[in-house]
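> The file below is model12.pdb, PDB, C-alpha atoms, pLDDT in the B column:
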ATOM      1  CA  MET A 877     122.127 172.681  64.546  1.00 54.00           C
ATOM      2  CA  GLY A 878     119.721 172.481  67.448  1.00 70.00           C
ATOM      3  CA  GLN A 879     116.530 172.058  65.481  1.00 88.00           C
ATOM      4  CA  VAL A 880     115.554 169.365  63.023  1.00 95.00           C
ATOM      5  CA  ILE A 881     115.585 170.404  59.365  1.00 96.00           C
ATOM      6  CA  ILE A 882     113.020 168.661  57.203  1.00 97.00           C
ATOM      7  CA  ARG A 883     112.869 168.620  53.401  1.00 97.00           C
ATOM      8  CA  ASP A 884     110.546 166.772  51.023  1.00 98.00           C
ATOM      9  CA  PHE A 885     111.100 166.126  47.325  1.00 97.00           C
ATOM     10  CA  GLU A 886     109.165 164.613  44.446  1.00 96.00           C
ATOM     11  CA  ILE A 887     111.210 162.261  42.266  1.00 95.00           C
ATOM     12  CA  PRO A 888     109.725 162.272  38.740  1.00 93.00           C
ATOM     13  CA  ALA A 889     109.529 158.965  36.857  1.00 88.00           C
ATOM     14  CA  ASN A 890     111.847 158.267  33.917  1.00 80.00           C
ATOM     15  CA  ASP A 891     113.190 161.812  33.777  1.00 82.00           C
ATOM     16  CA  PHE A 892     116.932 161.515  33.586  1.00 81.00           C
ATOM     17  CA  THR A 893     117.543 165.213  33.122  1.00 81.00           C
ATOM     18  CA  VAL A 894     116.354 165.973  36.668  1.00 87.00           C
ATOM     19  CA  ALA A 895     117.303 162.667  38.308  1.00 89.00           C
ATOM     20  CA  GLY A 896     119.712 163.594  41.073  1.00 93.00           C
ATOM     21  CA  GLU A 897     118.262 167.062  41.720  1.00 93.00           C
ATOM     22  CA  ALA A 898     116.971 166.085  45.187  1.00 96.00           C
ATOM     23  CA  SER A 899     120.381 164.650  46.137  1.00 97.00           C
ATOM     24  CA  SER A 900     122.062 167.753  44.773  1.00 96.00           C
ATOM     25  CA  THR A 901     119.838 170.031  46.888  1.00 96.00           C
ATOM     26  CA  VAL A 902     120.510 167.984  50.037  1.00 97.00           C
ATOM     27  CA  ARG A 903     124.238 167.996  49.313  1.00 96.00           C
ATOM     28  CA  LYS A 904     124.228 171.797  49.030  1.00 96.00           C
ATOM     29  CA  LEU A 905     122.279 172.089  52.283  1.00 97.00           C
ATOM     30  CA  LEU A 906     124.844 169.939  54.111  1.00 97.00           C
ATOM     31  CA  VAL A 907     127.657 172.087  52.719  1.00 95.00           C
ATOM     32  CA  GLN A 908     125.875 175.204  54.048  1.00 95.00           C
ATOM     33  CA  LEU A 909     125.449 173.519  57.440  1.00 95.00           C
ATOM     34  CA  GLY A 910     129.180 172.877  57.608  1.00 95.00           C
ATOM     35  CA  VAL A 911     128.994 169.071  57.754  1.00 96.00           C
ATOM     36  CA  ALA A 912     132.358 167.294  57.254  1.00 95.00           C
ATOM     37  CA  PRO A 913     133.134 166.756  53.521  1.00 93.00           C
ATOM     38  CA  ASP A 914     133.541 162.949  53.772  1.00 93.00           C
ATOM     39  CA  LYS A 915     130.130 162.652  55.461  1.00 96.00           C
ATOM     40  CA  ILE A 916     128.580 164.850  52.764  1.00 96.00           C
ATOM     41  CA  LYS A 917     130.068 162.686  50.032  1.00 94.00           C
ATOM     42  CA  ARG A 918     128.820 159.459  51.612  1.00 95.00           C
ATOM     43  CA  THR A 919     125.348 160.937  52.070  1.00 97.00           C
ATOM     44  CA  ALA A 920     125.245 162.314  48.520  1.00 96.00           C
ATOM     45  CA  ILE A 921     126.331 159.024  46.947  1.00 95.00           C
ATOM     46  CA  ALA A 922     123.886 156.880  48.937  1.00 96.00           C
ATOM     47  CA  MET A 923     120.967 159.229  48.305  1.00 97.00           C
ATOM     48  CA  TYR A 924     121.809 159.667  44.623  1.00 96.00           C
ATOM     49  CA  GLU A 925     121.891 155.897  44.028  1.00 94.00           C
ATOM     50  CA  ALA A 926     118.536 155.564  45.821  1.00 96.00           C
ATOM     51  CA  GLU A 927     117.085 158.430  43.804  1.00 95.00           C
ATOM     52  CA  ILE A 928     118.297 156.890  40.540  1.00 93.00           C
ATOM     53  CA  ASN A 929     116.756 153.561  41.592  1.00 92.00           C
ATOM     54  CA  ALA A 930     113.398 155.248  42.225  1.00 94.00           C
ATOM     55  CA  VAL A 931     113.560 156.781  38.741  1.00 92.00           C
ATOM     56  CA  ILE A 932     114.638 153.551  37.041  1.00 88.00           C
ATOM     57  CA  HIS A 933     112.620 150.929  38.892  1.00 91.00           C
ATOM     58  CA  GLY A 934     110.037 152.695  41.030  1.00 91.00           C
ATOM     59  CA  HIS A 935     108.165 154.855  38.484  1.00 91.00           C
ATOM     60  CA  GLY A 936     109.432 157.842  40.475  1.00 92.00           C
ATOM     61  CA  GLY A 937     108.696 158.463  44.128  1.00 95.00           C
ATOM     62  CA  LYS A 938     109.328 160.724  47.073  1.00 97.00           C
ATOM     63  CA  ALA A 939     112.275 161.656  49.233  1.00 98.00           C
ATOM     64  CA  HIS A 940     111.841 162.721  52.863  1.00 98.00           C
ATOM     65  CA  VAL A 941     114.945 164.087  54.542  1.00 98.00           C
ATOM     66  CA  GLU A 942     115.514 164.906  58.212  1.00 98.00           C
ATOM     67  CA  ILE A 943     118.712 166.489  59.457  1.00 97.00           C
ATOM     68  CA  SER A 944     119.373 166.802  63.168  1.00 93.00           C
ATOM     69  CA  GLY A 945     122.527 167.706  65.070  1.00 86.00           C
ATOM     70  CA  ASP A 946     124.228 164.352  64.740  1.00 93.00           C
ATOM     71  CA  LYS A 947     122.725 162.599  61.714  1.00 97.00           C
ATOM     72  CA  ILE A 948     120.790 162.710  58.464  1.00 98.00           C
ATOM     73  CA  THR A 949     117.972 160.305  57.690  1.00 98.00           C
ATOM     74  CA  ILE A 950     116.762 159.958  54.106  1.00 98.00           C
ATOM     75  CA  VAL A 951     113.625 158.009  53.254  1.00 98.00           C
ATOM     76  CA  ILE A 952     113.120 157.306  49.550  1.00 97.00           C
ATOM     77  CA  SER A 953     109.826 155.646  48.778  1.00 97.00           C
ATOM     78  CA  ASP A 954     108.201 154.480  45.575  1.00 96.00           C
ATOM     79  CA  GLU A 955     105.108 152.594  44.527  1.00 93.00           C
ATOM     80  CA  GLY A 956     106.912 150.545  41.918  1.00 94.00           C
ATOM     81  CA  PRO A 957     107.035 146.783  41.444  1.00 94.00           C
ATOM     82  CA  GLY A 958     109.086 146.067  44.586  1.00 95.00           C
ATOM     83  CA  ILE A 959     112.262 144.000  44.757  1.00 94.00           C
ATOM     84  CA  GLU A 960     111.578 140.318  44.179  1.00 92.00           C
ATOM     85  CA  ASP A 961     114.714 138.914  45.789  1.00 92.00           C
ATOM     86  CA  LEU A 962     116.410 141.446  48.079  1.00 94.00           C
ATOM     87  CA  ASP A 963     119.375 139.205  48.955  1.00 93.00           C
ATOM     88  CA  LEU A 964     120.116 138.788  45.273  1.00 93.00           C
ATOM     89  CA  ALA A 965     119.667 142.537  44.632  1.00 93.00           C
ATOM     90  CA  MET A 966     122.224 143.321  47.344  1.00 94.00           C
ATOM     91  CA  GLN A 967     124.893 141.365  45.464  1.00 93.00           C
ATOM     92  CA  GLU A 968     127.344 143.378  43.373  1.00 92.00           C
ATOM     93  CA  GLY A 969     126.686 142.841  39.690  1.00 91.00           C
ATOM     94  CA  TYR A 970     123.079 141.684  39.956  1.00 92.00           C
ATOM     95  CA  SER A 971     120.756 143.943  38.005  1.00 92.00           C
ATOM     96  CA  THR A 972     117.314 143.886  36.425  1.00 90.00           C
ATOM     97  CA  ALA A 973     117.797 147.262  34.711  1.00 89.00           C
ATOM     98  CA  PRO A 974     117.137 147.475  30.967  1.00 86.00           C
ATOM     99  CA  ASP A 975     119.807 148.446  28.401  1.00 86.00           C
ATOM    100  CA  SER A 976     118.474 152.021  28.258  1.00 83.00           C
ATOM    101  CA  ILE A 977     119.608 152.439  31.868  1.00 86.00           C
ATOM    102  CA  ARG A 978     122.996 150.874  31.214  1.00 86.00           C
ATOM    103  CA  GLU A 979     123.534 153.512  28.550  1.00 83.00           C
ATOM    104  CA  MET A 980     123.172 156.129  31.300  1.00 84.00           C
ATOM    105  CA  GLY A 981     126.102 154.589  33.217  1.00 86.00           C
ATOM    106  CA  PHE A 982     123.946 152.747  35.736  1.00 88.00           C
ATOM    107  CA  GLY A 983     122.251 149.368  35.887  1.00 87.00           C
ATOM    108  CA  ALA A 984     125.457 147.432  36.538  1.00 87.00           C
ATOM    109  CA  GLY A 985     124.211 146.036  39.815  1.00 90.00           C
ATOM    110  CA  MET A 986     126.155 148.446  42.011  1.00 90.00           C
ATOM    111  CA  GLY A 987     123.332 150.681  43.300  1.00 91.00           C
ATOM    112  CA  LEU A 988     122.226 148.828  46.424  1.00 93.00           C
ATOM    113  CA  PRO A 989     125.764 147.648  47.315  1.00 93.00           C
ATOM    114  CA  ASN A 990     126.903 151.270  46.924  1.00 92.00           C
ATOM    115  CA  MET A 991     124.183 152.498  49.282  1.00 95.00           C
ATOM    116  CA  LYS A 992     125.179 149.864  51.837  1.00 95.00           C
ATOM    117  CA  LYS A 993     128.834 150.819  51.511  1.00 94.00           C
ATOM    118  CA  HIS A 994     128.289 154.548  52.062  1.00 95.00           C
ATOM    119  CA  ALA A 995     125.386 154.629  54.551  1.00 97.00           C
ATOM    120  CA  ASP A 996     125.921 153.983  58.265  1.00 98.00           C
ATOM    121  CA  GLU A 997     122.516 152.306  58.347  1.00 98.00           C
ATOM    122  CA  LEU A 998     120.473 151.036  55.436  1.00 97.00           C
ATOM    123  CA  ASP A 999     116.961 149.706  55.837  1.00 97.00           C
ATOM    124  CA  ILE A1000     115.010 148.400  52.853  1.00 97.00           C
ATOM    125  CA  ARG A1001     111.349 147.452  53.035  1.00 97.00           C
ATOM    126  CA  THR A1002     109.898 146.097  49.864  1.00 96.00           C
ATOM    127  CA  GLU A1003     106.791 144.277  48.789  1.00 95.00           C
ATOM    128  CA  LYS A1004     106.153 142.800  45.390  1.00 93.00           C
ATOM    129  CA  GLY A1005     103.586 144.881  43.524  1.00 93.00           C
ATOM    130  CA  LYS A1006     103.421 147.528  46.272  1.00 94.00           C
ATOM    131  CA  GLY A1007     106.723 149.362  46.233  1.00 95.00           C
ATOM    132  CA  THR A1008     109.941 149.948  48.097  1.00 97.00           C
ATOM    133  CA  VAL A1009     110.991 152.179  50.989  1.00 97.00           C
ATOM    134  CA  VAL A1010     114.725 152.749  51.441  1.00 98.00           C
ATOM    135  CA  THR A1011     115.934 154.455  54.627  1.00 98.00           C
ATOM    136  CA  ILE A1012     119.506 155.724  54.683  1.00 98.00           C
ATOM    137  CA  THR A1013     121.132 157.091  57.833  1.00 98.00           C
ATOM    138  CA  VAL A1014     124.522 158.773  58.011  1.00 98.00           C
ATOM    139  CA  TYR A1015     125.934 159.940  61.359  1.00 98.00           C
ATOM    140  CA  PHE A1016     127.951 163.171  61.308  1.00 94.00           C
TER
ATOM    141  CA  MET B 838     147.599 170.912  37.054  1.00 95.00           C
ATOM    142  CA  LYS B 839     145.245 173.699  36.177  1.00 95.00           C
ATOM    143  CA  ILE B 840     142.318 173.031  33.851  1.00 96.00           C
ATOM    144  CA  SER B 841     143.911 175.075  31.054  1.00 96.00           C
ATOM    145  CA  GLU B 842     147.113 173.001  31.370  1.00 97.00           C
ATOM    146  CA  ILE B 843     145.141 169.751  31.170  1.00 97.00           C
ATOM    147  CA  ALA B 844     143.331 171.085  28.102  1.00 97.00           C
ATOM    148  CA  ALA B 845     146.690 171.870  26.462  1.00 98.00           C
ATOM    149  CA  VAL B 846     148.117 168.381  27.160  1.00 98.00           C
ATOM    150  CA  LEU B 847     145.056 166.659  25.705  1.00 98.00           C
ATOM    151  CA  ASN B 848     144.475 169.151  22.917  1.00 98.00           C
ATOM    152  CA  ALA B 849     141.013 169.443  24.439  1.00 98.00           C
ATOM    153  CA  GLU B 850     138.265 171.937  23.910  1.00 98.00           C
ATOM    154  CA  VAL B 851     136.913 173.602  27.100  1.00 98.00           C
ATOM    155  CA  TYR B 852     133.131 174.076  27.076  1.00 98.00           C
ATOM    156  CA  THR B 853     132.596 175.906  30.356  1.00 97.00           C
ATOM    157  CA  VAL B 854     133.595 179.325  31.658  1.00 95.00           C
ATOM    158  CA  ASN B 855     132.129 179.248  35.172  1.00 92.00           C
ATOM    159  CA  HIS B 856     134.568 176.723  36.636  1.00 90.00           C
ATOM    160  CA  ASP B 857     137.424 177.011  39.087  1.00 90.00           C
ATOM    161  CA  GLU B 858     140.414 177.725  36.846  1.00 89.00           C
ATOM    162  CA  ASN B 859     142.680 177.954  39.879  1.00 89.00           C
ATOM    163  CA  ALA B 860     141.825 174.430  41.054  1.00 91.00           C
ATOM    164  CA  ASP B 861     145.050 172.409  41.344  1.00 93.00           C
ATOM    165  CA  ILE B 862     144.134 168.992  39.978  1.00 94.00           C
ATOM    166  CA  LYS B 863     146.376 166.182  41.225  1.00 93.00           C
ATOM    167  CA  SER B 864     144.235 163.078  40.823  1.00 94.00           C
ATOM    168  CA  ALA B 865     141.828 161.504  38.367  1.00 95.00           C
ATOM    169  CA  CYS B 866     139.559 158.552  37.748  1.00 94.00           C
ATOM    170  CA  SER B 867     138.734 156.999  34.361  1.00 95.00           C
ATOM    171  CA  ALA B 868     135.463 155.093  33.938  1.00 94.00           C
ATOM    172  CA  ASP B 869     132.358 154.746  31.817  1.00 93.00           C
ATOM    173  CA  LEU B 870     130.256 153.293  34.606  1.00 91.00           C
ATOM    174  CA  MET B 871     129.027 155.980  37.006  1.00 91.00           C
ATOM    175  CA  SER B 872     128.188 153.526  39.793  1.00 88.00           C
ATOM    176  CA  ASP B 873     131.805 152.361  39.709  1.00 88.00           C
ATOM    177  CA  VAL B 874     132.992 155.945  40.003  1.00 90.00           C
ATOM    178  CA  MET B 875     130.933 156.250  43.178  1.00 89.00           C
ATOM    179  CA  ALA B 876     131.870 152.803  44.493  1.00 85.00           C
ATOM    180  CA  PHE B 877     135.612 152.835  43.950  1.00 81.00           C
ATOM    181  CA  SER B 878     136.826 156.387  43.443  1.00 77.00           C
ATOM    182  CA  LYS B 879     137.749 158.403  46.507  1.00 76.00           C
ATOM    183  CA  GLU B 880     139.453 161.797  46.419  1.00 80.00           C
ATOM    184  CA  ASN B 881     139.731 162.381  42.707  1.00 86.00           C
ATOM    185  CA  ALA B 882     139.221 165.825  41.225  1.00 92.00           C
ATOM    186  CA  LEU B 883     138.935 164.801  37.579  1.00 96.00           C
ATOM    187  CA  LEU B 884     136.768 162.293  35.720  1.00 97.00           C
ATOM    188  CA  LEU B 885     137.703 160.929  32.292  1.00 97.00           C
ATOM    189  CA  THR B 886     134.829 159.169  30.573  1.00 97.00           C
ATOM    190  CA  GLY B 887     133.358 158.111  27.257  1.00 96.00           C
ATOM    191  CA  LEU B 888     129.842 158.402  28.625  1.00 95.00           C
ATOM    192  CA  VAL B 889     127.985 161.578  27.655  1.00 95.00           C
ATOM    193  CA  ASN B 890     124.777 162.348  29.553  1.00 92.00           C
ATOM    194  CA  PRO B 891     123.584 164.621  32.403  1.00 92.00           C
ATOM    195  CA  GLN B 892     124.140 161.889  34.989  1.00 93.00           C
ATOM    196  CA  VAL B 893     127.898 162.146  34.418  1.00 96.00           C
ATOM    197  CA  ILE B 894     127.731 165.720  35.710  1.00 96.00           C
ATOM    198  CA  ARG B 895     125.521 164.709  38.641  1.00 95.00           C
ATOM    199  CA  THR B 896     127.976 161.950  39.534  1.00 95.00           C
ATOM    200  CA  ALA B 897     130.907 164.367  39.395  1.00 96.00           C
ATOM    201  CA  GLU B 898     128.964 166.754  41.619  1.00 95.00           C
ATOM    202  CA  MET B 899     128.269 164.089  44.266  1.00 94.00           C
ATOM    203  CA  MET B 900     131.955 163.142  44.170  1.00 92.00           C
ATOM    204  CA  ASP B 901     133.165 166.755  44.572  1.00 91.00           C
ATOM    205  CA  MET B 902     134.984 166.611  41.250  1.00 95.00           C
ATOM    206  CA  LYS B 903     136.209 169.779  39.570  1.00 95.00           C
ATOM    207  CA  ALA B 904     136.336 168.685  35.940  1.00 97.00           C
ATOM    208  CA  ILE B 905     135.114 166.106  33.421  1.00 98.00           C
ATOM    209  CA  ILE B 906     136.936 165.158  30.241  1.00 98.00           C
ATOM    210  CA  PHE B 907     134.935 163.428  27.512  1.00 98.00           C
ATOM    211  CA  VAL B 908     137.177 161.171  25.442  1.00 98.00           C
ATOM    212  CA  ARG B 909     137.061 159.587  21.955  1.00 97.00           C
ATOM    213  CA  GLY B 910     135.803 162.801  20.370  1.00 96.00           C
ATOM    214  CA  LYS B 911     132.511 162.856  22.278  1.00 95.00           C
ATOM    215  CA  LYS B 912     130.949 166.247  22.876  1.00 96.00           C
ATOM    216  CA  PRO B 913     128.603 167.435  25.644  1.00 97.00           C
ATOM    217  CA  GLN B 914     125.120 168.681  24.747  1.00 95.00           C
ATOM    218  CA  GLN B 915     123.992 172.225  25.593  1.00 96.00           C
ATOM    219  CA  ALA B 916     121.846 171.106  28.560  1.00 94.00           C
ATOM    220  CA  MET B 917     124.879 169.354  30.045  1.00 95.00           C
ATOM    221  CA  ILE B 918     127.038 172.447  29.611  1.00 97.00           C
ATOM    222  CA  GLU B 919     124.423 174.551  31.416  1.00 96.00           C
ATOM    223  CA  LEU B 920     124.194 172.024  34.261  1.00 95.00           C
ATOM    224  CA  ALA B 921     127.992 171.962  34.585  1.00 97.00           C
ATOM    225  CA  GLU B 922     128.177 175.780  34.620  1.00 96.00           C
ATOM    226  CA  GLU B 923     125.624 175.807  37.435  1.00 95.00           C
ATOM    227  CA  LYS B 924     127.687 173.272  39.419  1.00 94.00           C
ATOM    228  CA  ARG B 925     130.985 175.018  38.571  1.00 95.00           C
ATOM    229  CA  ILE B 926     132.353 171.828  37.015  1.00 97.00           C
ATOM    230  CA  ALA B 927     134.638 172.210  33.990  1.00 97.00           C
ATOM    231  CA  LEU B 928     133.721 170.249  30.834  1.00 98.00           C
ATOM    232  CA  LEU B 929     136.438 169.336  28.347  1.00 98.00           C
ATOM    233  CA  ALA B 930     136.448 167.132  25.260  1.00 98.00           C
ATOM    234  CA  THR B 931     139.403 165.429  23.626  1.00 98.00           C
ATOM    235  CA  ASP B 932     139.762 163.202  20.579  1.00 98.00           C
ATOM    236  CA  PHE B 933     142.132 160.876  22.464  1.00 98.00           C
ATOM    237  CA  PRO B 934     140.683 157.541  23.601  1.00 98.00           C
ATOM    238  CA  LEU B 935     140.369 156.835  27.342  1.00 97.00           C
ATOM    239  CA  PHE B 936     143.645 154.924  27.731  1.00 97.00           C
ATOM    240  CA  GLU B 937     145.681 157.453  25.786  1.00 98.00           C
ATOM    241  CA  ALA B 938     144.157 160.473  27.568  1.00 98.00           C
ATOM    242  CA  SER B 939     144.723 158.868  30.993  1.00 98.00           C
ATOM    243  CA  GLY B 940     148.312 157.974  30.087  1.00 98.00           C
ATOM    244  CA  ARG B 941     149.155 161.481  28.951  1.00 98.00           C
ATOM    245  CA  LEU B 942     147.878 162.931  32.235  1.00 98.00           C
ATOM    246  CA  TYR B 943     149.732 160.266  34.242  1.00 97.00           C
ATOM    247  CA  GLN B 944     152.930 161.328  32.484  1.00 97.00           C
ATOM    248  CA  GLN B 945     152.273 164.847  33.749  1.00 97.00           C
ATOM    249  CA  GLY B 946     152.051 163.602  37.343  1.00 95.00           C
ATOM    250  CA  ILE B 947     148.291 163.086  37.732  1.00 95.00           C
ATOM    251  CA  ARG B 948     147.566 159.966  39.808  1.00 93.00           C
ATOM    252  CA  GLY B 949     144.562 157.913  40.859  1.00 90.00           C
ATOM    253  CA  HIS B 950     143.674 158.108  44.539  1.00 80.00           C
ATOM    254  CA  GLY B 951     141.793 155.410  46.352  1.00 62.00           C
ATOM    255  CA  TYR B 952     141.163 152.185  44.500  1.00 55.00           C
TER
END
Take the structure from the file and write it as C-alpha cells.

Amino acid sequence: MGQVIIRDFEIPANDFTVAGEASSTVRKLLVQLGVAPDKIKRTAIAMYEAEINAVIHGHGGKAHVEISGDKITIVISDEGPGIEDLDLAMQEGYSTAPDSIREMGFGAGMGLPNMKKHADELDIRTEKGKGTVVTITVYF
Amino acid sequence: MKISEIAAVLNAEVYTVNHDENADIKSACSADLMSDVMAFSKENALLLTGLVNPQVIRTAEMMDMKAIIFVRGKKPQQAMIELAEEKRIALLATDFPLFEASGRLYQQGIRGHGY
C-alpha cells in the first residue's frame, strides 16, 4: 500500500435501509487490502456509529476516507444542528435521539463513547446550528 | 456448532441459503441494543436478538458475525433477507424467547466471548 486510497460517500438523511452502506464498503476495501481483522472491526464499528449519527442527527452528510500504508482516516461531516454539549454527549447513556431511533437499536447514548473506544484518535468539531465534523483515525 | 445444528436445537426456520454452512460457531451474544453489541461484544459469531430491522444485519456485518437468530417468533422482512444473503450472514427465527434460546445454546457448549 504505497499510494493513498481516497473514497467519498454521500450519507442520505433518514434512510435506514442504506445507513451503514458507506461503512460496509470501506470494511470490504480493508478486507481486500489485507488489513488485520481486529483493526478492520474497530474501523468498521467507529465509522458505522458515526454514519448512523449523521443519519439520525445530521440530516445526512458526507464521508471522506483516506487509507495510507499505516492508517485510515475517516471524516464524517454533516450540516445538522450540531452538538450542544459535547462533554455530556460523550458520556455513556446520554442521548437526544427520538424513540423512532431507539426502535432501530440505537439512541441509547453509546454512539460517541463507542467511537472513542474503537478509534485510535477521535476529533469532533461541532457548532450549534452549523453542523458536526467527526474525524476518526485508526492505525494499522 | 453448524448453522443447521443450531436451527435444530432451537426449532428455528432458516431464511438464507447463501451463508457459510460450514462455519463452526462457538460463541454468541444476546442483545436488543445494537450499540451494546458493538461496545461490549468481541469475538462472537452469532447474534441472538428480538430486534428486527436492516441495522441488525449491518451490525452483524461490522462485527464479523456469521449468523443472526431472531427470537420470540419475530420474522425478518424480505429486504433484510436479501441484505443478509449479500453479506453471507445466516438468518434464523425461533419462537423461543431470548433467555430460553440463549440457554439452550449454552447447554450445547456455545459461550459468550469478551464481556
> Within 12 Å of (133.6, 180.6, 31.6), all atoms listed in the file: residues as a ChimeraX atom specification?
/B:840-841,851-858,918-919,921-923,925-928
> Go through B:Ala916, B:Ala938, B:Met899, B:Ala930 one by one, measure the shortest atom-to-atom distance of each to B:Ala876 using only C-alpha atoms, and give the residue with the smallest value.
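Closest to B:Ala876 of all the choices is B:Met899.
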> Quick one: which residues from chain B are at most 7 Å off chain A, using only C-alpha atoms, as a list in words?
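So the contacting residues turn out to be Asp869, Leu870, Met871, Ser872, Met875, Ala876, Asn890, Pro891, Gln892, Arg895, Met899 and Met900 of chain B.
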> Residues within 7 Å of A:Thr1002, please, as a ChimeraX atom specification. Count all atoms listed in the file; anything in the same chain fewer than 6 positions from it doesn't count.
/A:958-959,1008-1009
> Could you please determine the separation between atom CA of A:Ala939 and atom CA of B:Thr896 in Å, to one decimal place?
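Distance reported for this atom pair: 18.5 Å.
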> Selection in question (the file shown): the PyMOL selection byres ((chain B and resi 880) around 10). Which residues does it include, as a PDB file with C-alpha atoms, keeping the file's coordinate frame?

ATOM      1  CA  ASP A 914     133.541 162.949  53.772  1.00 93.00           C
TER       2      ASP A 914
ATOM      3  CA  LYS B 863     146.376 166.182  41.225  1.00 93.00           C
ATOM      4  CA  SER B 864     144.235 163.078  40.823  1.00 94.00           C
ATOM      5  CA  ALA B 865     141.828 161.504  38.367  1.00 95.00           C
ATOM      6  CA  CYS B 866     139.559 158.552  37.748  1.00 94.00           C
ATOM      7  CA  SER B 878     136.826 156.387  43.443  1.00 77.00           C
ATOM      8  CA  LYS B 879     137.749 158.403  46.507  1.00 76.00           C
ATOM      9  CA  ASN B 881     139.731 162.381  42.707  1.00 86.00           C
ATOM     10  CA  ALA B 882     139.221 165.825  41.225  1.00 92.00           C
ATOM     11  CA  LEU B 883     138.935 164.801  37.579  1.00 96.00           C
ATOM     12  CA  MET B 900     131.955 163.142  44.170  1.00 92.00           C
ATOM     13  CA  ASP B 901     133.165 166.755  44.572  1.00 91.00           C
ATOM     14  CA  MET B 902     134.984 166.611  41.250  1.00 95.00           C
ATOM     15  CA  GLY B 949     144.562 157.913  40.859  1.00 90.00           C
ATOM     16  CA  HIS B 950     143.674 158.108  44.539  1.00 80.00           C
ATOM     17  CA  GLY B 951     141.793 155.410  46.352  1.00 62.00           C
ATOM     18  CA  TYR B 952     141.163 152.185  44.500  1.00 55.00           C
TER      19      TYR B 952
END
> Any idea what the distance is between atom CA of A:Arg883 and atom CA of A:His935?
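Interatomic distance, atom CA of A:Arg883 to atom CA of A:His935: 20.8 Å.
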> Might you pull out every residue within 8 Å of A:Lys915, with only C-alpha atoms counted and same-chain residues fewer than 3 positions away left off, and present them as a VMD selection string?
chain A and resid 911 to 912 918 to 919 1014 to 1016
> By how many Å are atom CA of B:Ile894 and atom CA of A:Val907 apart?
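It comes out at 18.2 Å.
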> Go ahead and find all residues with at least one atom no further than 12 Å from (108.6, 155.8, 36.6) in the file's coordinates, using only C-alpha atoms; report them as JSON, numbers by chain.
{"A": [886, 887, 888, 889, 890, 891, 892, 895, 927, 928, 929, 930, 931, 932, 933, 934, 935, 936, 937, 938, 954, 955, 956, 957, 1007]}
> Tell me which of A:Lys1004, A:Leu998, A:Gly910, A:Asp884 sits closest to A:Gly945, counting only C-alpha atoms.
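Ranking A:Lys1004, A:Leu998, A:Gly910, A:Asp884 by distance to A:Gly945, first place goes to A:Gly910.
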> Measuring atom to atom with only C-alpha atoms, identify which of B:Asp873, B:Asn859, B:Phe936, B:Ala849 is nearest to B:Ile905.
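Of B:Asp873, B:Asn859, B:Phe936, B:Ala849, the one nearest B:Ile905, counting only C-alpha atoms, is B:Ala849.
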> Given the choices B:Glu850, B:Asp861, B:Glu842, B:Glu937, which gets closest to B:Ile906 if the distance is worked out from only C-alpha atoms?
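Closest candidate: B:Glu850.
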> Can you tell me which residues surround A:Val951 at a distance of at most 6 Å, considering all atoms listed in the file, apart from same-chain residues fewer than 5 positions away, and format the answer as an mmCIF file with C-alpha atoms, in the coordinates of the input?

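Saved to selection.cif:
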data_model
loop_
_atom_site.group_PDB
_atom_site.id
_atom_site.type_symbol
_atom_site.label_atom_id
_atom_site.label_comp_id
_atom_site.auth_asym_id
_atom_site.auth_seq_id
_atom_site.Cartn_x
_atom_site.Cartn_y
_atom_site.Cartn_z
ATOM 1 C CA ALA A 939 112.275 161.656 49.233
ATOM 2 C CA HIS A 940 111.841 162.721 52.863
ATOM 3 C CA VAL A 1010 114.725 152.749 51.441
ATOM 4 C CA THR A 1011 115.934 154.455 54.627
#
> Please write as an MDAnalysis selection string the full residue list that the PyMOL selection byres ((chain A and resi 881) around 9) yields on this file.
chainID A and resid 877 879:880 882:883 941:944
> So which one's closest to A:Thr901, B:Ile862, B:Thr931, B:Lys924, B:Ala844? Using only C-alpha atoms, please.
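Nearest to A:Thr901: B:Lys924.
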> With distances taken over all atoms listed in the file, which of A:Gln967, A:Ser976, A:Leu906, A:Asp961 is nearest to A:Glu1003?
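Checking each candidate against A:Glu1003, we get A:Asp961 as the closest.
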> What's the 6 Å shell around B:Ser867, counting only C-alpha atoms, without same-chain residues fewer than 4 positions away, as a compact mmCIF listing (two decimals) with C-alpha atoms, keeping the file's coordinate frame?

# COMPACT_ATOMS: atom_id res chain seq x y z
CA LEU B 884 136.77 162.29 35.72
CA LEU B 885 137.70 160.93 32.29
CA THR B 886 134.83 159.17 30.57
> Please fill the gaps in stretch 933-938 of chain A so it has N, CA, C and O atoms, and write that as a CSV table (one decimal), in the frame of the given file.

chain,number,residue,atom,x,y,z
A,933,HIS,N,113.4,152.1,38.6
A,933,HIS,CA,112.6,150.9,38.9
A,933,HIS,C,111.3,151.3,39.5
A,933,HIS,O,110.3,150.5,39.4
A,934,GLY,N,111.2,152.4,40.2
A,934,GLY,CA,110.0,152.7,41.0
A,934,GLY,C,109.0,153.6,40.4
A,934,GLY,O,108.0,154.0,41.1
A,935,HIS,N,109.1,153.9,39.1
A,935,HIS,CA,108.2,154.9,38.5
A,935,HIS,C,108.2,156.2,39.2
A,935,HIS,O,107.1,156.8,39.4
A,936,GLY,N,109.3,156.6,39.7
A,936,GLY,CA,109.4,157.8,40.5
A,936,GLY,C,109.0,157.6,41.9
A,936,GLY,O,108.6,156.5,42.3
A,937,GLY,N,109.1,158.6,42.7
A,937,GLY,CA,108.7,158.5,44.1
A,937,GLY,C,108.9,159.7,44.9
A,937,GLY,O,108.8,160.8,44.3
A,938,LYS,N,109.2,159.6,46.2
A,938,LYS,CA,109.3,160.7,47.1
A,938,LYS,C,110.6,160.6,47.9
A,938,LYS,O,111.0,159.4,48.2
